[in-house]
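Data block for protein.cif (mmCIF, C-alpha atoms):
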data_query
#
loop_
_atom_site.label_atom_id
_atom_site.label_comp_id
_atom_site.auth_asym_id
_atom_site.auth_seq_id
_atom_site.Cartn_x
_atom_site.Cartn_y
_atom_site.Cartn_z
CA MET A 1 -34.31 11.11 -0.12
CA ASN A 2 -35.75 11.36 3.40
CA THR A 3 -37.99 14.30 2.54
CA ILE A 4 -40.73 15.13 0.05
CA GLN A 5 -41.98 18.46 -1.32
CA ILE A 6 -45.61 19.45 -0.89
CA THR A 7 -47.55 22.67 -1.39
CA LEU A 8 -49.08 23.74 1.91
CA ASN A 9 -51.60 26.59 1.82
CA GLY A 10 -50.01 27.87 -1.37
CA GLU A 11 -46.38 27.64 -0.20
CA GLU A 12 -43.72 25.02 -0.95
CA LYS A 13 -42.74 22.97 2.08
CA SER A 14 -40.33 20.12 2.69
CA ILE A 15 -41.54 17.43 5.12
CA PRO A 16 -40.10 14.10 6.33
CA ARG A 17 -40.83 10.90 4.44
CA PRO A 18 -43.12 9.23 5.40
CA SER A 19 -45.61 11.70 6.90
CA THR A 20 -49.32 11.41 7.49
CA ILE A 21 -51.75 14.32 7.70
CA HIS A 22 -51.85 13.80 11.47
CA GLN A 23 -48.05 14.06 11.69
CA LEU A 24 -48.07 17.20 9.55
CA LEU A 25 -50.59 18.85 11.87
CA GLN A 26 -48.50 17.81 14.87
CA GLU A 27 -45.45 19.43 13.29
CA LEU A 28 -47.48 22.60 12.71
CA LYS A 29 -48.77 22.47 16.32
CA LEU A 30 -52.37 22.51 15.08
CA ASP A 31 -55.29 20.82 16.81
CA PRO A 32 -56.86 18.35 14.33
CA ALA A 33 -60.26 18.97 15.93
CA LYS A 34 -60.19 22.67 14.98
CA VAL A 35 -59.18 22.48 11.32
CA ALA A 36 -60.19 20.86 8.05
CA VAL A 37 -57.73 19.47 5.51
CA GLU A 38 -58.01 19.18 1.76
CA ARG A 39 -55.59 16.98 -0.18
CA ASN A 40 -55.40 17.53 -3.93
CA LEU A 41 -58.85 19.20 -3.99
CA THR A 42 -60.48 16.37 -2.00
CA VAL A 43 -61.53 16.80 1.62
CA ALA A 44 -59.65 14.44 3.91
CA PRO A 45 -61.93 12.80 6.55
CA ARG A 46 -60.71 13.70 10.03
CA GLN A 47 -60.97 10.10 11.23
CA GLN A 48 -58.44 9.10 8.55
CA PHE A 49 -55.77 11.75 9.33
CA GLN A 50 -53.48 9.11 10.86
CA GLN A 51 -53.83 6.76 7.89
CA ILE A 52 -53.47 9.17 4.95
CA GLU A 53 -49.81 9.30 3.95
CA LEU A 54 -48.64 12.35 2.04
CA ALA A 55 -46.85 11.99 -1.29
CA GLU A 56 -44.43 14.03 -3.38
CA GLY A 57 -46.21 16.99 -5.00
CA ASP A 58 -49.36 16.84 -2.86
CA LYS A 59 -51.30 20.10 -2.59
CA ILE A 60 -52.59 20.52 0.95
CA GLU A 61 -54.99 23.16 2.26
CA VAL A 62 -55.53 23.56 6.01
CA VAL A 63 -58.42 25.86 6.92
CA HIS A 64 -60.44 27.05 9.90
CA PHE A 65 -63.26 29.49 10.56
CA ILE A 66 -62.71 33.24 10.84
CA GLY A 67 -64.95 36.23 11.35
CA GLY A 68 -66.15 36.87 7.94
CA GLY A 69 -79.81 35.49 21.87
CA SER A 70 -82.54 36.59 23.72
CA ALA A 71 -85.71 34.56 23.68
CA ALA A 72 -88.40 35.64 21.27
CA ASP A 73 -92.11 34.86 21.43
CA ASP A 74 -92.32 31.06 21.56
CA ALA A 75 -95.41 31.17 19.35
CA ASP A 76 -93.48 32.88 16.54
CA PRO A 77 -90.13 31.14 16.09
CA LEU A 78 -87.89 31.36 13.05
CA ILE A 79 -87.68 27.88 11.54
CA ILE A 80 -85.05 27.05 8.92
CA ALA A 81 -84.60 23.50 7.65
CA GLY A 82 -86.70 22.20 10.53
CA LYS A 83 -84.59 23.88 13.21
CA GLN A 84 -86.04 26.55 15.51
CA PHE A 85 -84.26 29.80 16.37
CA ASN A 86 -85.22 32.47 18.88
CA SER A 87 -83.79 35.47 17.03
CA ARG A 88 -84.71 36.65 13.53
CA LEU A 89 -81.50 38.67 13.31
CA LEU A 90 -78.51 36.90 11.76
CA VAL A 91 -75.11 38.56 11.97
CA GLY A 92 -71.72 38.27 10.33
CA THR A 93 -68.42 37.96 12.16
CA GLY A 94 -66.10 39.99 9.92
CA LYS A 95 -64.82 43.60 9.90
CA TYR A 96 -64.58 44.04 13.67
CA LYS A 97 -61.40 45.40 15.22
CA ASP A 98 -60.79 42.14 17.11
CA PHE A 99 -62.48 38.93 18.21
CA GLU A 100 -63.41 40.43 21.59
CA GLU A 101 -65.47 43.16 19.91
CA THR A 102 -66.98 40.52 17.62
CA ALA A 103 -68.16 38.50 20.60
CA ARG A 104 -69.59 41.54 22.42
CA ALA A 105 -71.50 42.71 19.35
CA ILE A 106 -72.98 39.27 18.70
CA ALA A 107 -74.10 39.00 22.33
CA ALA A 108 -75.70 42.46 22.15
CA SER A 109 -77.52 41.56 18.93
CA GLY A 110 -79.20 38.54 20.49
CA ALA A 111 -78.46 36.55 17.32
CA ASP A 112 -78.52 32.75 17.32
CA ILE A 113 -76.96 32.33 13.85
CA VAL A 114 -73.59 33.81 12.88
CA THR A 115 -71.99 33.60 9.46
CA VAL A 116 -68.36 32.55 9.24
CA ALA A 117 -65.88 32.52 6.38
CA VAL A 118 -63.43 29.69 5.70
CA ARG A 119 -59.80 30.75 5.34
CA ARG A 120 -56.38 29.13 5.40
CA VAL A 121 -54.82 28.50 8.79
CA ASN A 122 -51.82 30.74 9.56
CA ILE A 123 -49.25 27.94 9.68
CA SER A 124 -46.50 30.36 10.78
CA ASP A 125 -48.40 31.07 14.03
CA PRO A 126 -50.26 27.94 15.15
CA ASN A 127 -51.03 29.54 18.52
CA ALA A 128 -52.94 32.46 16.99
CA THR A 129 -56.38 32.98 18.51
CA LEU A 130 -59.35 31.61 16.59
CA LEU A 131 -62.92 32.85 16.26
CA THR A 132 -64.09 29.69 18.04
CA ASP A 133 -62.15 30.83 21.13
CA TYR A 134 -64.48 33.85 21.43
CA VAL A 135 -67.73 32.83 19.71
CA ASP A 136 -68.65 29.42 21.08
CA PRO A 137 -70.08 27.13 18.35
CA ARG A 138 -71.92 25.24 21.10
CA ARG A 139 -73.90 28.39 21.88
CA TYR A 140 -74.29 29.84 18.38
CA THR A 141 -75.18 28.16 15.13
CA TYR A 142 -72.28 28.69 12.75
CA LEU A 143 -73.40 29.36 9.18
CA PRO A 144 -70.39 28.82 6.89
CA ASN A 145 -70.52 31.03 3.81
CA THR A 146 -68.68 31.27 0.52
CA ALA A 147 -67.67 34.93 0.70
CA GLY A 148 -65.08 35.67 -1.97
CA CYS A 149 -66.08 32.84 -4.31
CA TYR A 150 -66.70 33.73 -7.97
CA ASN A 151 -67.55 30.31 -9.41
CA ALA A 152 -69.51 27.22 -8.43
CA GLU A 153 -66.42 25.01 -8.12
CA ASP A 154 -64.77 27.21 -5.48
CA ALA A 155 -68.03 27.62 -3.57
CA VAL A 156 -68.72 23.87 -3.40
CA ARG A 157 -65.13 23.12 -2.47
CA THR A 158 -65.21 25.72 0.33
CA LEU A 159 -68.41 24.40 1.88
CA ARG A 160 -67.26 20.79 1.75
CA LEU A 161 -64.22 21.85 3.75
CA ALA A 162 -66.46 23.81 6.13
CA ARG A 163 -68.61 20.76 6.79
CA GLU A 164 -65.51 18.69 7.51
CA ALA A 165 -64.14 21.35 9.86
CA GLY A 166 -67.24 21.84 11.96
CA GLY A 167 -69.86 19.33 10.95
CA TRP A 168 -72.46 21.93 9.94
CA ASP A 169 -74.52 21.11 6.87
CA MET A 170 -76.64 24.30 6.87
CA VAL A 171 -74.68 26.81 4.80
CA LYS A 172 -74.98 30.19 3.12
CA LEU A 173 -74.20 30.04 -0.57
CA GLU A 174 -73.07 33.20 -2.34
CA VAL A 175 -71.28 33.26 -5.68
CA LEU A 176 -70.25 36.74 -6.77
CA SER A 177 -69.99 38.22 -10.25
CA ASP A 178 -67.38 40.96 -9.78
CA ALA A 179 -65.30 42.56 -7.05
CA LYS A 180 -66.64 46.09 -7.48
CA TYR A 181 -70.37 45.49 -7.06
CA LEU A 182 -70.40 42.05 -5.36
CA TRP A 183 -73.59 41.28 -7.28
CA PRO A 184 -74.67 37.60 -7.32
CA ASN A 185 -73.54 35.46 -10.23
CA ASN A 186 -76.83 33.62 -10.55
CA PRO A 187 -75.86 31.03 -13.21
CA GLU A 188 -72.92 29.88 -11.07
CA THR A 189 -75.08 30.06 -7.93
CA ILE A 190 -77.65 27.74 -9.51
CA LYS A 191 -74.90 25.31 -10.51
CA ALA A 192 -73.41 25.32 -7.01
CA ALA A 193 -76.81 24.96 -5.34
CA GLU A 194 -77.60 21.85 -7.41
CA LEU A 195 -74.31 20.20 -6.42
CA LEU A 196 -74.60 21.11 -2.73
CA ILE A 197 -78.21 19.96 -2.40
CA LYS A 198 -77.28 16.66 -4.07
CA ASP A 199 -74.43 16.39 -1.55
CA GLY A 200 -76.81 16.72 1.42
CA PHE A 201 -76.29 20.38 2.29
CA LYS A 202 -79.12 22.61 3.54
CA VAL A 203 -78.57 25.65 1.36
CA MET A 204 -79.53 29.22 2.24
CA VAL A 205 -78.90 31.13 -0.97
CA TYR A 206 -77.90 34.77 -1.57
CA THR A 207 -79.44 36.07 -4.76
CA THR A 208 -80.83 39.11 -6.53
CA ASP A 209 -84.32 40.30 -5.61
CA ASP A 210 -85.84 38.48 -8.56
CA PRO A 211 -89.14 36.68 -7.81
CA TYR A 212 -88.54 34.11 -10.57
CA LEU A 213 -85.06 33.17 -9.33
CA CYS A 214 -86.16 33.02 -5.71
CA LYS A 215 -88.96 30.61 -6.63
CA LEU A 216 -86.52 28.57 -8.73
CA PHE A 217 -84.14 28.20 -5.76
CA GLU A 218 -87.06 27.09 -3.59
CA GLU A 219 -88.14 24.48 -6.14
CA MET A 220 -84.56 23.21 -6.38
CA GLY A 221 -84.60 22.44 -2.66
CA CYS A 222 -82.90 25.42 -1.00
CA VAL A 223 -84.04 25.88 2.62
CA ALA A 224 -84.11 29.70 2.49
CA VAL A 225 -83.72 32.48 -0.06
CA MET A 226 -81.75 35.61 0.79
CA PRO A 227 -82.46 38.39 -1.71
CA LEU A 228 -80.27 41.47 -1.42
CA ALA A 229 -81.79 44.75 -0.27
CA ALA A 230 -78.93 46.70 -1.90
CA PRO A 231 -75.29 45.96 -2.78
CA ILE A 232 -73.23 44.32 -0.03
CA GLY A 233 -71.87 46.87 2.44
CA SER A 234 -73.59 49.83 0.72
CA GLY A 235 -75.95 50.71 3.58
CA LEU A 236 -78.54 51.90 1.05
CA GLY A 237 -81.40 50.05 2.72
CA ILE A 238 -84.43 48.44 1.06
CA ARG A 239 -84.25 49.66 -2.54
CA ASN A 240 -87.09 47.61 -4.00
CA PRO A 241 -89.81 46.81 -1.46
CA TYR A 242 -92.32 45.94 -4.18
CA THR A 243 -90.51 42.94 -5.65
CA LEU A 244 -89.52 41.92 -2.14
CA ARG A 245 -93.22 41.71 -1.26
CA ILE A 246 -93.81 39.46 -4.28
CA ILE A 247 -90.96 37.19 -3.25
CA ILE A 248 -92.39 36.93 0.28
CA GLU A 249 -95.97 36.31 -0.88
CA GLN A 250 -95.03 33.41 -3.17
CA ALA A 251 -92.45 31.76 -0.89
CA ASN A 252 -92.99 28.56 1.09
CA ILE A 253 -89.53 28.78 2.65
CA PRO A 254 -88.03 31.57 4.79
CA VAL A 255 -87.12 34.82 3.04
CA LEU A 256 -84.29 36.75 4.70
CA VAL A 257 -83.00 40.09 3.51
CA ASP A 258 -79.26 39.85 3.01
CA ALA A 259 -76.97 42.79 2.22
CA GLY A 260 -77.51 46.53 2.02
CA VAL A 261 -78.99 47.25 5.45
CA GLY A 262 -77.50 50.45 6.88
CA THR A 263 -79.38 51.29 10.06
CA ALA A 264 -82.15 50.12 12.36
CA SER A 265 -85.00 51.57 10.31
CA ASP A 266 -83.87 49.49 7.30
CA ALA A 267 -84.13 46.33 9.37
CA ALA A 268 -87.55 47.33 10.69
CA ILE A 269 -88.82 47.99 7.15
CA ALA A 270 -87.65 44.57 5.98
CA MET A 271 -89.50 42.90 8.84
CA GLU A 272 -92.63 45.03 8.37
CA LEU A 273 -92.77 43.82 4.76
CA GLY A 274 -92.98 40.26 6.06
CA CYS A 275 -89.40 39.03 5.80
CA ASP A 276 -88.63 36.10 8.08
CA GLY A 277 -85.30 37.57 9.11
CA VAL A 278 -82.45 39.93 8.31
CA LEU A 279 -78.76 39.15 7.89
CA MET A 280 -76.20 41.92 8.32
CA ASN A 281 -72.52 42.50 9.05
CA THR A 282 -71.20 45.89 7.88
CA ALA A 283 -74.14 47.81 9.35
CA ILE A 284 -73.06 46.69 12.82
CA ALA A 285 -69.30 46.18 12.48
CA GLY A 286 -68.84 49.44 10.55
CA ALA A 287 -70.81 51.61 12.98
CA LYS A 288 -68.97 54.07 15.23
CA ASP A 289 -70.27 52.08 18.20
CA PRO A 290 -70.84 48.49 17.03
CA ILE A 291 -72.20 47.29 20.37
CA ARG A 292 -74.84 50.01 20.56
CA MET A 293 -75.78 49.43 16.90
CA ALA A 294 -76.12 45.70 17.55
CA ARG A 295 -78.62 46.47 20.32
CA ALA A 296 -80.49 48.86 18.01
CA MET A 297 -80.72 46.21 15.28
CA LYS A 298 -82.06 43.65 17.75
CA LYS A 299 -84.85 46.01 18.79
CA ALA A 300 -85.60 47.02 15.20
CA VAL A 301 -86.01 43.43 14.01
CA GLU A 302 -88.27 42.62 16.96
CA ALA A 303 -90.36 45.80 16.49
CA GLY A 304 -90.68 45.25 12.74
CA ARG A 305 -91.84 41.67 13.24
CA ASP A 306 -94.42 42.75 15.84
CA ALA A 307 -95.71 45.46 13.51
CA PHE A 308 -96.07 42.96 10.67
CA LEU A 309 -97.97 40.51 12.84
CA ALA A 310 -100.15 43.27 14.28
CA GLY A 311 -101.26 44.38 10.81
CA ARG A 312 -100.80 48.04 9.88
CA ILE A 313 -103.69 50.35 9.04
CA PRO A 314 -104.34 50.86 5.32
CA LYS A 315 -102.94 53.94 3.66
CA LYS A 316 -105.59 56.52 2.69
CA LEU A 317 -105.61 59.65 0.62
CA TYR A 318 -107.73 61.62 3.12
CA ALA A 319 -107.74 62.14 6.87
CA THR A 320 -109.75 60.07 9.33
CA ALA A 321 -110.46 61.60 12.74
CA SER A 322 -109.03 59.77 15.71
CA SER A 323 -111.75 60.97 18.09
CA PRO A 324 -115.48 60.13 17.49
CA LEU A 325 -117.65 62.94 16.11
CA ASP A 326 -120.78 61.89 18.03
CA GLY A 327 -121.68 64.16 20.94
CA MET A 328 -119.74 67.20 19.78
CA MET A 329 -120.90 70.49 21.33
CA VAL A 330 -120.77 72.40 18.03
#

This entry written out as structure tokens:
Amino acid sequence: MNTIQITLNGEEKSIPRPSTIHQLLQELKLDPAKVAVERNLTVAPRQQFQQIELAEGDKIEVVHFIGGGSAADDADPLIIAGKQFNSRLLVGTGKYKDFEETARAIAASGADIVTVAVRRVNISDPNATLLTDYVDPRRYTYLPNTAGCYNAEDAVRTLRLAREAGGWDMVKLEVLSDAKYLWPNNPETIKAAELLIKDGFKVMVYTTDDPYLCKLFEEMGCVAVMPLAAPIGSGLGIRNPYTLRIIIEQANIPVLVDAGVGTASDAAIAMELGCDGVLMNTAIAGAKDPIRMARAMKKAVEAGRDAFLAGRIPKKLYATASSPLDGMMV
């Protein structure tokens, strides 16, 4: 036979014998520089695409990134894994009506870091536009995430593909427990974090707002902890500021609120508590005017950080006059 059968992105496909990964991508009219390839659950190094010959029954996954700043005070940068960022607002790239709106919202937010999901390439339309065509990875730091993963194996596999596709080793790890609440599955998250750290990844980890777990992730070697403020996409805001304060006070790595922010005041509260940053997607993308909301979130994060650094007045039970009493006429 002059052909072999492989499974390509979940679908049976007949290809010529012999065929290399490079030849397969050529047939699909895909740019090897813009995709990552997994063969039988193992990431294929891009430099070996022309040497790796495909065999009968191979399972091939071809993926790419999808949508899943202004200068700040130089004396107060956000530093994650030794890298400095100007903006303390991180934004997602999903849920927008199109890539053009995504790009405009990110620009308005002033964000330096954008989260991206890893999904299969649409092999039926190789000329389809990609997120990278609108959100330049040379300008923004892409933060690959594991959105939609429910176990450690899938999360690790996804991020290994992400590193191959773009070369980024700083990643956001989230392993979910169920589809309804999208609450973190902490046992699987711990397992995935151990494997990724051992594999050289710089892991920013989404978790519950549990001081013990956040400290555990720090001690494991994660570069940032990202406790939720409320369930993903709920817009409920900061539900538990008291444990969040404990997490911040004991942390020696950045603490970023992730999930649950609904409006600008939520972001400001998180920053006033002492968070190092805020990550959001739905709060901007789901707003009636995403571009205006992105601007509002930028200002809120900056104002909240300034208020935290300035040091608020203590809360008191009784009034204190603003004007001095000395020299009163009565």

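We find CA of Thr7 in chain A and CA of Lys59 in chain A to be spaced 4.7 Å apart.
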
Which residue, A:Ala224, A:Ala111, A:Val135, A:Ile60, has the smallest gap to Leu41 in chain A when you use all atoms listed in the file?
A:Ile60

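The space between CA of Arg17 in chain A and CA of Gln50 in chain A spans 14.3 Å.
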
If we count only C-alpha atoms and set the cut-off at 10 Å, which residues sit around Ser14 in chain A, ignoring sequence neighbours fewer than 4 positions away in its own chain? Please answer as JSON, numbers by chain.
{"A": [2, 3, 4, 5, 6, 7, 8, 56]}

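The coordinates place CA of Thr129 in chain A at 13.0 Å from CA of Val35 in chain A.
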
Here is a test: counting all atoms listed in the file, which residue of A:Ala128, A:Arg139, A:Ile80, A:Ser234 is nearest to Phe99 in chain A?
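Residue with the minimum atom-to-atom distance to Phe99 in chain A: A:Ala128.
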
Any chance you could resolve the PyMOL selection byres ((chain A and resi 281) around 12) against this file and give the residues as a VMD selection string?
chain A and resid 67 to 68 89 to 96 102 105 to 106 109 111 114 to 116 232 to 235 258 to 263 278 to 280 282 to 287 290 293 to 294 297

Could you spell out the hits of the PyMOL selection byres ((chain A and resi 172) around 6) on the shown file, as a PyMOL selection string?
chain A and resi 145+171+173+204-205

I need the residues from that last selection saved to file as a compact mmCIF listing (two decimals), in the frame of the given file (with C-alpha atoms), if you can.
# COMPACT_ATOMS: atom_id res chain seq x y z
CA ASN A 145 -70.52 31.03 3.81
CA VAL A 171 -74.68 26.81 4.80
CA LEU A 173 -74.20 30.04 -0.57
CA MET A 204 -79.53 29.22 2.24
CA VAL A 205 -78.90 31.13 -0.97

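Selection result for the displayed file, with the PyMOL selection byres ((chain A and resi 303) around 12) as criterion, is Ala72, Arg88, Leu89, Ala264, Ser265, Asp266, Ala267, Ala268, Ile269, Ala270, Met271, Glu272, Ala296, Met297, Lys298, Lys299, Ala300, Val301, Glu302, Gly304, Arg305, Asp306, Ala307, Phe308, Leu309 and Ala310 of chain A.
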
Please save C-alpha atoms of the selected residues as a PDB file, in the coordinates of the input.
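What follows is the written file result.pdb:
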ATOM      1  CA  ALA A  72     -88.400  35.640  21.270  1.00  0.00           C
ATOM      2  CA  ARG A  88     -84.710  36.650  13.530  1.00  0.00           C
ATOM      3  CA  LEU A  89     -81.500  38.670  13.310  1.00  0.00           C
ATOM      4  CA  ALA A 264     -82.150  50.120  12.360  1.00  0.00           C
ATOM      5  CA  SER A 265     -85.000  51.570  10.310  1.00  0.00           C
ATOM      6  CA  ASP A 266     -83.870  49.490   7.300  1.00  0.00           C
ATOM      7  CA  ALA A 267     -84.130  46.330   9.370  1.00  0.00           C
ATOM      8  CA  ALA A 268     -87.550  47.330  10.690  1.00  0.00           C
ATOM      9  CA  ILE A 269     -88.820  47.990   7.150  1.00  0.00           C
ATOM     10  CA  ALA A 270     -87.650  44.570   5.980  1.00  0.00           C
ATOM     11  CA  MET A 271     -89.500  42.900   8.840  1.00  0.00           C
ATOM     12  CA  GLU A 272     -92.630  45.030   8.370  1.00  0.00           C
ATOM     13  CA  ALA A 296     -80.490  48.860  18.010  1.00  0.00           C
ATOM     14  CA  MET A 297     -80.720  46.210  15.280  1.00  0.00           C
ATOM     15  CA  LYS A 298     -82.060  43.650  17.750  1.00  0.00           C
ATOM     16  CA  LYS A 299     -84.850  46.010  18.790  1.00  0.00           C
ATOM     17  CA  ALA A 300     -85.600  47.020  15.200  1.00  0.00           C
ATOM     18  CA  VAL A 301     -86.010  43.430  14.010  1.00  0.00           C
ATOM     19  CA  GLU A 302     -88.270  42.620  16.960  1.00  0.00           C
ATOM     20  CA  GLY A 304     -90.680  45.250  12.740  1.00  0.00           C
ATOM     21  CA  ARG A 305     -91.840  41.670  13.240  1.00  0.00           C
ATOM     22  CA  ASP A 306     -94.420  42.750  15.840  1.00  0.00           C
ATOM     23  CA  ALA A 307     -95.710  45.460  13.510  1.00  0.00           C
ATOM     24  CA  PHE A 308     -96.070  42.960  10.670  1.00  0.00           C
ATOM     25  CA  LEU A 309     -97.970  40.510  12.840  1.00  0.00           C
ATOM     26  CA  ALA A 310    -100.150  43.270  14.280  1.00  0.00           C
TER      27      ALA A 310
END

Of the candidates A:Ala81, A:Ile253, A:Ile15, A:Leu317, which one gets nearest to Leu216 in chain A if we count all atoms listed in the file?
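Closest to Leu216 in chain A of all the choices is A:Ile253.
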
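Closest approach to Asn86 in chain A among A:Pro126, A:Gly110, A:Gly274, A:Pro32: A:Gly110, based on all atoms listed in the file.
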
So, counting all atoms listed in the file, which residue among A:Gln47, A:Leu159, A:Glu164, A:Ala179 is closest to Ile197 in chain A?
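For Ile197 in chain A, the nearest of the given residues is A:Leu159.
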
Export range 283-304 of chain A, N, CA and C atoms, as a PDB file, in the first residue's frame; it's the structure right above.
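Result file follows (selection.pdb):
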ATOM      1  N   ALA A 283     -14.546  39.707  32.947  1.00  0.00           N
ATOM      2  CA  ALA A 283     -14.944  41.043  33.400  1.00  0.00           C
ATOM      3  C   ALA A 283     -14.762  42.088  32.303  1.00  0.00           C
ATOM      4  N   ILE A 284     -13.768  41.882  31.442  1.00  0.00           N
ATOM      5  CA  ILE A 284     -13.550  42.805  30.325  1.00  0.00           C
ATOM      6  C   ILE A 284     -14.298  42.332  29.083  1.00  0.00           C
ATOM      7  N   ALA A 285     -14.053  41.086  28.679  1.00  0.00           N
ATOM      8  CA  ALA A 285     -14.636  40.576  27.434  1.00  0.00           C
ATOM      9  C   ALA A 285     -16.159  40.515  27.489  1.00  0.00           C
ATOM     10  N   GLY A 286     -16.731  40.303  28.687  1.00  0.00           N
ATOM     11  CA  GLY A 286     -18.175  40.184  28.818  1.00  0.00           C
ATOM     12  C   GLY A 286     -18.888  41.492  29.056  1.00  0.00           C
ATOM     13  N   ALA A 287     -18.146  42.588  29.185  1.00  0.00           N
ATOM     14  CA  ALA A 287     -18.766  43.895  29.410  1.00  0.00           C
ATOM     15  C   ALA A 287     -19.479  44.371  28.137  1.00  0.00           C
ATOM     16  N   LYS A 288     -20.449  45.274  28.303  1.00  0.00           N
ATOM     17  CA  LYS A 288     -21.150  45.816  27.133  1.00  0.00           C
ATOM     18  C   LYS A 288     -20.180  46.572  26.227  1.00  0.00           C
ATOM     19  N   ASP A 289     -19.201  47.229  26.830  1.00  0.00           N
ATOM     20  CA  ASP A 289     -18.166  47.938  26.073  1.00  0.00           C
ATOM     21  C   ASP A 289     -16.812  47.453  26.588  1.00  0.00           C
ATOM     22  N   PRO A 290     -16.276  46.383  25.996  1.00  0.00           N
ATOM     23  CA  PRO A 290     -15.023  45.805  26.498  1.00  0.00           C
ATOM     24  C   PRO A 290     -13.850  46.780  26.490  1.00  0.00           C
ATOM     25  N   ILE A 291     -13.779  47.650  25.516  1.00  0.00           N
ATOM     26  CA  ILE A 291     -12.640  48.560  25.417  1.00  0.00           C
ATOM     27  C   ILE A 291     -12.670  49.566  26.568  1.00  0.00           C
ATOM     28  N   ARG A 292     -13.846  50.113  26.835  1.00  0.00           N
ATOM     29  CA  ARG A 292     -13.986  51.058  27.945  1.00  0.00           C
ATOM     30  C   ARG A 292     -13.721  50.359  29.285  1.00  0.00           C
ATOM     31  N   MET A 293     -14.210  49.127  29.431  1.00  0.00           N
ATOM     32  CA  MET A 293     -13.972  48.393  30.678  1.00  0.00           C
ATOM     33  C   MET A 293     -12.486  48.086  30.850  1.00  0.00           C
ATOM     34  N   ALA A 294     -11.800  47.780  29.765  1.00  0.00           N
ATOM     35  CA  ALA A 294     -10.363  47.526  29.850  1.00  0.00           C
ATOM     36  C   ALA A 294      -9.636  48.763  30.372  1.00  0.00           C
ATOM     37  N   ARG A 295     -10.040  49.940  29.892  1.00  0.00           N
ATOM     38  CA  ARG A 295      -9.426  51.181  30.391  1.00  0.00           C
ATOM     39  C   ARG A 295      -9.728  51.372  31.871  1.00  0.00           C
ATOM     40  N   ALA A 296     -10.968  51.066  32.269  1.00  0.00           N
ATOM     41  CA  ALA A 296     -11.361  51.218  33.671  1.00  0.00           C
ATOM     42  C   ALA A 296     -10.537  50.289  34.562  1.00  0.00           C
ATOM     43  N   MET A 297     -10.332  49.053  34.119  1.00  0.00           N
ATOM     44  CA  MET A 297      -9.561  48.099  34.908  1.00  0.00           C
ATOM     45  C   MET A 297      -8.103  48.535  35.042  1.00  0.00           C
ATOM     46  N   LYS A 298      -7.551  49.093  33.997  1.00  0.00           N
ATOM     47  CA  LYS A 298      -6.182  49.606  34.047  1.00  0.00           C
ATOM     48  C   LYS A 298      -6.056  50.667  35.134  1.00  0.00           C
ATOM     49  N   LYS A 299      -6.980  51.612  35.132  1.00  0.00           N
ATOM     50  CA  LYS A 299      -6.944  52.695  36.128  1.00  0.00           C
ATOM     51  C   LYS A 299      -7.177  52.159  37.536  1.00  0.00           C
ATOM     52  N   ALA A 300      -8.079  51.191  37.671  1.00  0.00           N
ATOM     53  CA  ALA A 300      -8.399  50.642  38.990  1.00  0.00           C
ATOM     54  C   ALA A 300      -7.202  49.929  39.597  1.00  0.00           C
ATOM     55  N   VAL A 301      -6.497  49.143  38.796  1.00  0.00           N
ATOM     56  CA  VAL A 301      -5.322  48.428  39.295  1.00  0.00           C
ATOM     57  C   VAL A 301      -4.245  49.428  39.713  1.00  0.00           C
ATOM     58  N   GLU A 302      -4.035  50.445  38.906  1.00  0.00           N
ATOM     59  CA  GLU A 302      -3.022  51.454  39.238  1.00  0.00           C
ATOM     60  C   GLU A 302      -3.412  52.219  40.504  1.00  0.00           C
ATOM     61  N   ALA A 303      -4.696  52.618  40.611  1.00  0.00           N
ATOM     62  CA  ALA A 303      -5.155  53.363  41.787  1.00  0.00           C
ATOM     63  C   ALA A 303      -5.076  52.508  43.050  1.00  0.00           C
ATOM     64  N   GLY A 304      -5.476  51.247  42.948  1.00  0.00           N
ATOM     65  CA  GLY A 304      -5.421  50.355  44.093  1.00  0.00           C
ATOM     66  C   GLY A 304      -4.006  50.134  44.582  1.00  0.00           C
TER      67      GLY A 304
END
